[in-house]
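Since the structure comes first, as structure tokens, the remarks are kept for the end.
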Amino acid sequence: MCGRYASTRAPADLAGIFDAHWDAGSGAAPAASWNVAPTDPVWAVLAHADRESGAVERRLRALRWGLVPSWAKDPGVGSRMINARVETVHEKPAYRKAFTKRRCLLPADGFYEWQPVPATGRAKAYKQPYFIAPEDGAPMAMAGLYEFWRDPAVADADDPAAWLTTCTIITTEATDAAGRVHPRMPLALHPDDYGTWLDPAHHDTHELRSLLHTPADGRLAVRAVSTEVNSVRNNGPRLLDPVAGVPLPPAG
């Protein structure tokens, strides 16, 4: 799974990288975060077709991480739907409609995974975090889906507060360096495939699934980082500092 990641680039930079429109006056924006956690507001790139011309325009906007299906009774289910498995995403009731019509990119610097460390005679058991990111420092475009949820407590459907827009990250079996830490990892898109993935008129699930691949084509760097990241209350660049003397888990 992917349960925590880093996203620190400014929205203006993300808009340029993903060739997306960003309205700086559209409201509160997610701050740079080295510890993005479920239910946090996150940056997403998505596309809408113009009602008159039909032209598809990319937009950078804030969504809440943790998908809430349109039919959910309350938004609390979102905290349990932060990831969607690529093996079943096109079939599961919570995701299949979004996979067909509402796909997005979730920009990230890299993501965290954990390895359990057993207790010893002198120390308690704990989980050792590792940061996994492209070797070249390029941004990751994690594959995601988004959905709209109508809040019945808000009477006016035109009130922005009446709608909650949420997202999830698509994951697969981990390989290469990431597979040494955790069996699952997020999927990503190549820049050449952004347009096809984001196009809401593209409905071929087989072709869409074929666009998804390992971030950085498997050229990922992994390093042990401070257990400070284990708490969502901690944030800042120091969370990415490597921890000396902590080996990577053995391959295989």
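FYI, nothing fancy with the structure tokens labels: chains A, B, ... in order, residues from 1 per chain, ligands from 1 as they appear.
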Spatial neighbours of segment 154-171 of chain A, max dist 10 Å, only C-alpha atoms, sep filter under 3 positions, as a ChimeraX atom specification:
/A:1-3,38-42,44,62-70,75,78-87,89,95,98-99,102-106,142-151,174,184-188,212-214
To test your reading of the structure, identify every residue in segment 4-196 of chain A that backbone DSSP assigns to strand (DSSP E), and report it as a PyMOL selection string.
chain A and resi 5-7+33-36+41-49+56-65+83-85+103-108+110-117+126-134+140-150+163-173+184-186
Using only C-alpha atoms, find each residue of segment 89-151 of chain A with at least one atom at most 10 Å away from an atom of segment 7-10 of chain A; report its shortest atom-to-atom pair and that distance in Å (one decimal), sort the rows by chain and rising residue number, and return the result as a tab-separated table.
residue	atom	partner	partner_atom	distance
A:Leu106	CA	A:Ser7	CA	9.1
A:Pro107	CA	A:Ser7	CA	6.7
A:Ala108	CA	A:Ser7	CA	4.6
A:Asp109	CA	A:Ser7	CA	5.3
A:Gly110	CA	A:Ser7	CA	7.5
A:Phe111	CA	A:Ser7	CA	9.0
A:Pro139	CA	A:Arg9	CA	8.8
A:Met140	CA	A:Ser7	CA	9.5
Interatomic distance (Å, one decimal) between atom CA of Pro242 of chain A and atom CA of His190 of chain A
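So the two atoms, atom CA of Pro242 of chain A and atom CA of His190 of chain A, lie 27.8 Å apart.
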If you count only C-alpha atoms, the residue of A:Leu220, A:Leu14, A:Ala72, A:Val229 closest to Gln128 of chain A turns out to be A:Val229
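The shell of residues at most 8 Å from Gln115 of chain A, with only C-alpha atoms counted and near chain neighbours (fewer than 4 positions) removed, consists of Lys127, Gln128, Pro129, Tyr130, Val181, His182 and Pro249 of chain A.
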In segment 1-157 of chain A, what's helix (DSSP H, G or I) per DSSP? Answer as a CSV table (one decimal) with C-alpha atoms, in the first residue's frame?
chain,number,residue,atom,x,y,z
A,11,PRO,CA,1.6,24.7,-7.1
A,12,ALA,CA,3.0,27.0,-9.7
A,13,ASP,CA,5.9,24.5,-10.3
A,14,LEU,CA,3.5,21.6,-10.5
A,15,ALA,CA,1.3,23.5,-12.9
A,16,GLY,CA,4.3,23.9,-15.2
A,17,ILE,CA,5.5,20.4,-14.9
A,75,PRO,CA,-17.4,10.6,4.3
A,76,GLY,CA,-15.8,8.6,7.1
A,77,VAL,CA,-15.2,5.6,4.7
A,78,GLY,CA,-12.6,7.7,2.9
A,79,SER,CA,-9.9,7.0,5.5
A,80,ARG,CA,-10.1,3.3,4.6
A,96,ARG,CA,-15.0,1.1,-11.3
A,97,LYS,CA,-17.0,4.2,-12.3
A,98,ALA,CA,-14.2,6.5,-11.3
A,99,PHE,CA,-11.7,4.4,-13.2
A,100,THR,CA,-13.8,4.8,-16.3
A,101,LYS,CA,-14.4,8.5,-16.0
Could you tell me how far atom CA of Val232 of chain A lies from atom CA of Val45 of chain A, in Å and to one decimal?
24.2 Å
All residues 12 Å or closer to Arg219 of chain A, only C-alpha atoms, same chain fewer than 6 positions away omitted, as a list in words:
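The contact residues come out as Ile132, Ala133, Pro134, Glu135, Asp136, Gly137, Ala138, Met140, Thr175, Asp176, Ala177, Ala178 and His213 of chain A.
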List every residue of segment 26-77 of chain A that has an atom at most 10 Å from any atom of segment 236-241 of chain A, and for each one report the closest atom pair and its distance in Å to one decimal, counting only C-alpha atoms, with rows sorted by chain and then by increasing residue number, as a tab-separated table.
residue	atom	partner	partner_atom	distance
A:Ala32	CA	A:Gly236	CA	8.7
A:Ser33	CA	A:Gly236	CA	6.9
A:Trp34	CA	A:Gly236	CA	5.6
A:Asn35	CA	A:Gly236	CA	7.8
Could the residues of segment 163-245 of chain A that have an atom at most 12 Å from segment 19-30 of chain A be listed as CSV, each with its closest atom pair and the distance in Å to one decimal, counting only C-alpha atoms and ordered by chain and ascending residue number?
residue,atom,partner,partner_atom,distance
A:Pro191,CA,A:Asp19,CA,10.3
A:Tyr194,CA,A:Asp19,CA,10.0
A:Gly195,CA,A:Asp19,CA,10.3
A:Leu198,CA,A:Ala20,CA,11.4
Go ahead and save the residues from that selection, with N, CA and C atoms, as a PDB file, in the first residue's frame.
ATOM      1  N   PRO A 191       5.083  10.761 -18.762  1.00  0.00           N
ATOM      2  CA  PRO A 191       4.539  12.011 -19.311  1.00  0.00           C
ATOM      3  C   PRO A 191       3.844  11.841 -20.660  1.00  0.00           C
ATOM      4  N   TYR A 194       0.112  10.991 -20.027  1.00  0.00           N
ATOM      5  CA  TYR A 194      -0.752  11.813 -19.187  1.00  0.00           C
ATOM      6  C   TYR A 194      -2.079  12.117 -19.882  1.00  0.00           C
ATOM      7  N   GLY A 195      -1.998  12.522 -21.141  1.00  0.00           N
ATOM      8  CA  GLY A 195      -3.198  12.935 -21.853  1.00  0.00           C
ATOM      9  C   GLY A 195      -4.227  11.827 -21.956  1.00  0.00           C
ATOM     10  N   LEU A 198      -5.749  11.012 -18.436  1.00  0.00           N
ATOM     11  CA  LEU A 198      -6.617  12.039 -17.878  1.00  0.00           C
ATOM     12  C   LEU A 198      -7.884  12.278 -18.708  1.00  0.00           C
TER      13      LEU A 198
END
